[in-house]
Amino acid sequence: MILSHDHTGAVLPDDVNMLDAVFTEILAEKGLRRDCEAAELIARRLISVYQSGHRQRDELRKMIAAGD
């Protein structure tokens, strides 16, 4: 039996890479560095939105933009 990891809550390596890419894009758009307080808040929101079930790249970006 093959198990799906889609709904386990685990953040797999591909997910981490996608989250990092989205985070990097958002920071570049806003002209922010990774080590500033605003970037930390964006990272927290991004993880929170991801954990709430929004897993698509475009959807994550829209959700983060809506929180600005």
# chains A, B, ... in the order shown; residues from 1 in each chain; ligands from 1
>>> residues_around(residues="Val16 in chain A", least_positions_apart="2", cutoff="12 Å", atoms="only C-alpha atoms", output="CSV table (one decimal) with all heavy atoms, in the first residue's frame")
chain,number,residue,atom,x,y,z
A,10,ALA,N,3.5,17.1,7.5
A,10,ALA,CA,5.0,17.1,7.4
A,10,ALA,C,5.4,18.1,6.3
A,10,ALA,O,4.7,18.2,5.3
A,10,ALA,CB,5.5,15.7,7.0
A,11,VAL,N,6.5,18.8,6.5
A,11,VAL,CA,7.0,19.7,5.5
A,11,VAL,C,8.2,19.0,4.9
A,11,VAL,O,9.2,18.8,5.5
A,11,VAL,CB,7.4,21.0,6.2
A,11,VAL,CG1,8.0,22.0,5.1
A,11,VAL,CG2,6.3,21.7,6.9
A,12,LEU,N,8.0,18.5,3.7
A,12,LEU,CA,9.0,17.7,3.0
A,12,LEU,C,10.0,18.7,2.3
A,12,LEU,O,9.7,19.9,2.1
A,12,LEU,CB,8.3,16.8,2.0
A,12,LEU,CG,7.2,15.9,2.6
A,12,LEU,CD1,6.5,15.1,1.5
A,12,LEU,CD2,7.9,14.9,3.5
A,13,PRO,N,11.1,18.1,1.9
A,13,PRO,CA,12.2,18.9,1.3
A,13,PRO,C,11.7,19.8,0.1
A,13,PRO,O,12.1,21.0,0.0
A,13,PRO,CB,13.2,17.9,0.8
A,13,PRO,CG,13.1,16.8,1.8
A,13,PRO,CD,11.6,16.7,2.1
A,14,ASP,N,10.9,19.2,-0.8
A,14,ASP,CA,10.3,20.0,-1.9
A,14,ASP,C,9.5,21.2,-1.4
A,14,ASP,O,9.5,22.3,-2.0
A,14,ASP,CB,9.5,19.2,-2.8
A,14,ASP,CG,10.4,18.2,-3.7
A,14,ASP,OD1,11.6,18.5,-3.8
A,14,ASP,OD2,9.8,17.3,-4.3
A,18,MET,N,10.1,25.2,-2.0
A,18,MET,CA,9.1,26.1,-2.5
A,18,MET,C,8.8,27.2,-1.6
A,18,MET,O,8.7,28.4,-2.0
A,18,MET,CB,7.8,25.3,-2.8
A,18,MET,CG,6.7,26.1,-3.4
A,18,MET,SD,5.5,26.8,-2.3
A,18,MET,CE,4.9,25.4,-1.5
A,19,LEU,N,8.7,27.0,-0.3
A,19,LEU,CA,8.5,28.0,0.7
A,19,LEU,C,9.7,29.0,0.7
A,19,LEU,O,9.5,30.3,0.8
A,19,LEU,CB,8.3,27.5,2.1
A,19,LEU,CG,7.0,26.7,2.4
A,19,LEU,CD1,7.1,25.9,3.6
A,19,LEU,CD2,5.9,27.7,2.4
A,20,ASP,N,10.9,28.5,0.6
A,20,ASP,CA,12.1,29.4,0.5
A,20,ASP,C,12.0,30.3,-0.7
A,20,ASP,O,12.3,31.5,-0.7
A,20,ASP,CB,13.4,28.6,0.6
A,20,ASP,CG,14.6,29.5,0.6
A,20,ASP,OD1,14.7,30.4,1.5
A,20,ASP,OD2,15.4,29.4,-0.4
A,21,ALA,N,11.6,29.7,-1.8
A,21,ALA,CA,11.6,30.5,-3.1
A,21,ALA,C,10.5,31.6,-3.0
A,21,ALA,O,10.7,32.7,-3.4
A,21,ALA,CB,11.3,29.5,-4.3
A,22,VAL,N,9.4,31.2,-2.4
A,22,VAL,CA,8.3,32.2,-2.3
A,22,VAL,C,8.8,33.3,-1.3
A,22,VAL,O,8.6,34.5,-1.6
A,22,VAL,CB,7.0,31.6,-1.7
A,22,VAL,CG1,6.0,32.6,-1.3
A,22,VAL,CG2,6.4,30.7,-2.8
A,23,PHE,N,9.4,32.9,-0.2
A,23,PHE,CA,9.9,33.9,0.8
A,23,PHE,C,10.9,34.8,0.1
A,23,PHE,O,10.9,36.1,0.3
A,23,PHE,CB,10.6,33.1,1.9
A,23,PHE,CG,11.2,34.0,3.0
A,23,PHE,CD1,10.4,34.8,3.8
A,23,PHE,CD2,12.5,33.9,3.3
A,23,PHE,CE1,10.9,35.6,4.8
A,23,PHE,CE2,13.1,34.7,4.3
A,23,PHE,CZ,12.3,35.5,5.0
A,43,ALA,N,8.1,35.5,7.2
A,43,ALA,CA,8.3,34.1,7.3
A,43,ALA,C,7.3,33.4,8.2
A,43,ALA,O,6.8,32.3,7.8
A,43,ALA,CB,9.8,33.8,7.8
A,46,LEU,N,4.0,33.2,6.3
A,46,LEU,CA,4.1,32.2,5.3
A,46,LEU,C,4.0,30.8,5.8
A,46,LEU,O,3.2,30.0,5.3
A,46,LEU,CB,5.5,32.4,4.5
A,46,LEU,CG,5.7,31.5,3.3
A,46,LEU,CD1,4.7,31.7,2.2
A,46,LEU,CD2,7.1,31.8,2.7
A,47,ILE,N,4.7,30.5,6.9
A,47,ILE,CA,4.6,29.1,7.5
A,47,ILE,C,3.2,28.9,8.0
A,47,ILE,O,2.6,27.8,7.8
A,47,ILE,CB,5.6,28.9,8.6
A,47,ILE,CG1,7.0,29.0,8.0
A,47,ILE,CG2,5.4,27.7,9.4
A,47,ILE,CD1,7.4,27.9,7.1
A,50,TYR,N,0.8,28.3,5.1
A,50,TYR,CA,1.1,26.9,4.6
A,50,TYR,C,0.5,25.8,5.5
A,50,TYR,O,-0.2,24.9,5.0
A,50,TYR,CB,2.6,26.7,4.5
A,50,TYR,CG,3.0,25.3,4.0
A,50,TYR,CD1,3.1,25.0,2.7
A,50,TYR,CD2,3.3,24.3,5.0
A,50,TYR,CE1,3.4,23.7,2.3
A,50,TYR,CE2,3.6,23.1,4.5
A,50,TYR,CZ,3.7,22.8,3.2
A,50,TYR,OH,4.0,21.5,2.8
A,55,ARG,N,-1.3,25.3,-0.1
A,55,ARG,CA,0.0,24.7,-0.4
A,55,ARG,C,0.5,25.1,-1.8
A,55,ARG,O,1.6,24.8,-2.2
A,55,ARG,CB,-0.1,23.2,-0.4
A,55,ARG,CG,-0.6,22.6,0.9
A,55,ARG,CD,0.5,22.8,2.0
A,55,ARG,NE,0.1,22.6,3.3
A,55,ARG,CZ,0.2,21.5,4.0
A,55,ARG,NH1,0.8,20.4,3.4
A,55,ARG,NH2,-0.2,21.4,5.2
A,57,ARG,N,1.9,27.6,-4.7
A,57,ARG,CA,2.8,28.8,-4.7
A,57,ARG,C,2.1,30.1,-4.9
A,57,ARG,O,2.2,31.0,-4.1
A,57,ARG,CB,3.8,28.6,-5.8
A,57,ARG,CG,4.8,29.7,-5.9
A,57,ARG,CD,5.7,29.4,-7.2
A,57,ARG,NE,6.9,30.2,-7.1
A,57,ARG,CZ,8.1,29.6,-6.8
A,57,ARG,NH1,8.2,28.3,-6.6
A,57,ARG,NH2,9.2,30.4,-6.7
>>> select_by_dssp(residues="chain A", states="helix (DSSP H, G or I)", output="ChimeraX atom specification")
/A:13-30,37-51,57-66
>>> atom_distance(atom1="CA of Gln51 in chain A", atom2="CA of Gly31 in chain A")
25.7 Å
>>> atom_distance(atom1="CA of His54 in chain A", atom2="CA of Glu40 in chain A")
19.3 Å
>>> residues_around(residues="Ile64 in chain A", least_positions_apart="5", cutoff="8 Å", atoms="only C-alpha atoms", output="JSON, numbers by chain")
{"A": [42, 45, 46, 49]}
>>> write_last_selection(atoms="all heavy atoms", output="CSV table (one decimal), in the first residue's frame")
chain,number,residue,atom,x,y,z
A,42,ILE,N,7.1,38.1,7.9
A,42,ILE,CA,6.7,37.4,6.6
A,42,ILE,C,6.9,35.9,6.7
A,42,ILE,O,6.0,35.2,6.3
A,42,ILE,CB,7.4,38.1,5.4
A,42,ILE,CG1,7.0,39.5,5.2
A,42,ILE,CG2,7.2,37.2,4.2
A,42,ILE,CD1,7.8,40.3,4.3
A,45,ARG,N,4.3,34.3,8.9
A,45,ARG,CA,3.0,34.3,8.2
A,45,ARG,C,3.0,33.3,7.1
A,45,ARG,O,2.0,32.5,6.9
A,45,ARG,CB,2.7,35.7,7.6
A,45,ARG,CG,1.4,35.8,6.8
A,45,ARG,CD,0.4,36.7,7.4
A,45,ARG,NE,-0.7,36.9,6.4
A,45,ARG,CZ,-1.8,36.2,6.4
A,45,ARG,NH1,-2.0,35.3,7.4
A,45,ARG,NH2,-2.8,36.4,5.6
A,46,LEU,N,4.0,33.2,6.3
A,46,LEU,CA,4.1,32.2,5.3
A,46,LEU,C,4.0,30.8,5.8
A,46,LEU,O,3.2,30.0,5.3
A,46,LEU,CB,5.5,32.4,4.5
A,46,LEU,CG,5.7,31.5,3.3
A,46,LEU,CD1,4.7,31.7,2.2
A,46,LEU,CD2,7.1,31.8,2.7
A,49,VAL,N,0.3,30.2,7.0
A,49,VAL,CA,-0.6,30.1,5.9
A,49,VAL,C,-0.4,28.7,5.3
A,49,VAL,O,-1.4,28.0,5.0
A,49,VAL,CB,-0.4,31.2,4.8
A,49,VAL,CG1,-1.1,30.9,3.5
A,49,VAL,CG2,-0.8,32.5,5.4
>>> residues_around(residues="Asp68 in chain A", least_positions_apart="5", cutoff="12 Å", atoms="only C-alpha atoms", output="list in words")
Ile26, Lys30, Ala38, Leu41, Ile42, Arg45, Arg61, Lys62 and Met63 of chain A
>>> atom_distance(atom1="CA of Ala39 in chain A", atom2="CA of Ala66 in chain A")
15.7 Å
>>> closest_residue(among="A:Arg44, A:Thr24, A:Cys36, A:Gly53", to="Gly67 in chain A", atoms="only C-alpha atoms")
A:Arg44
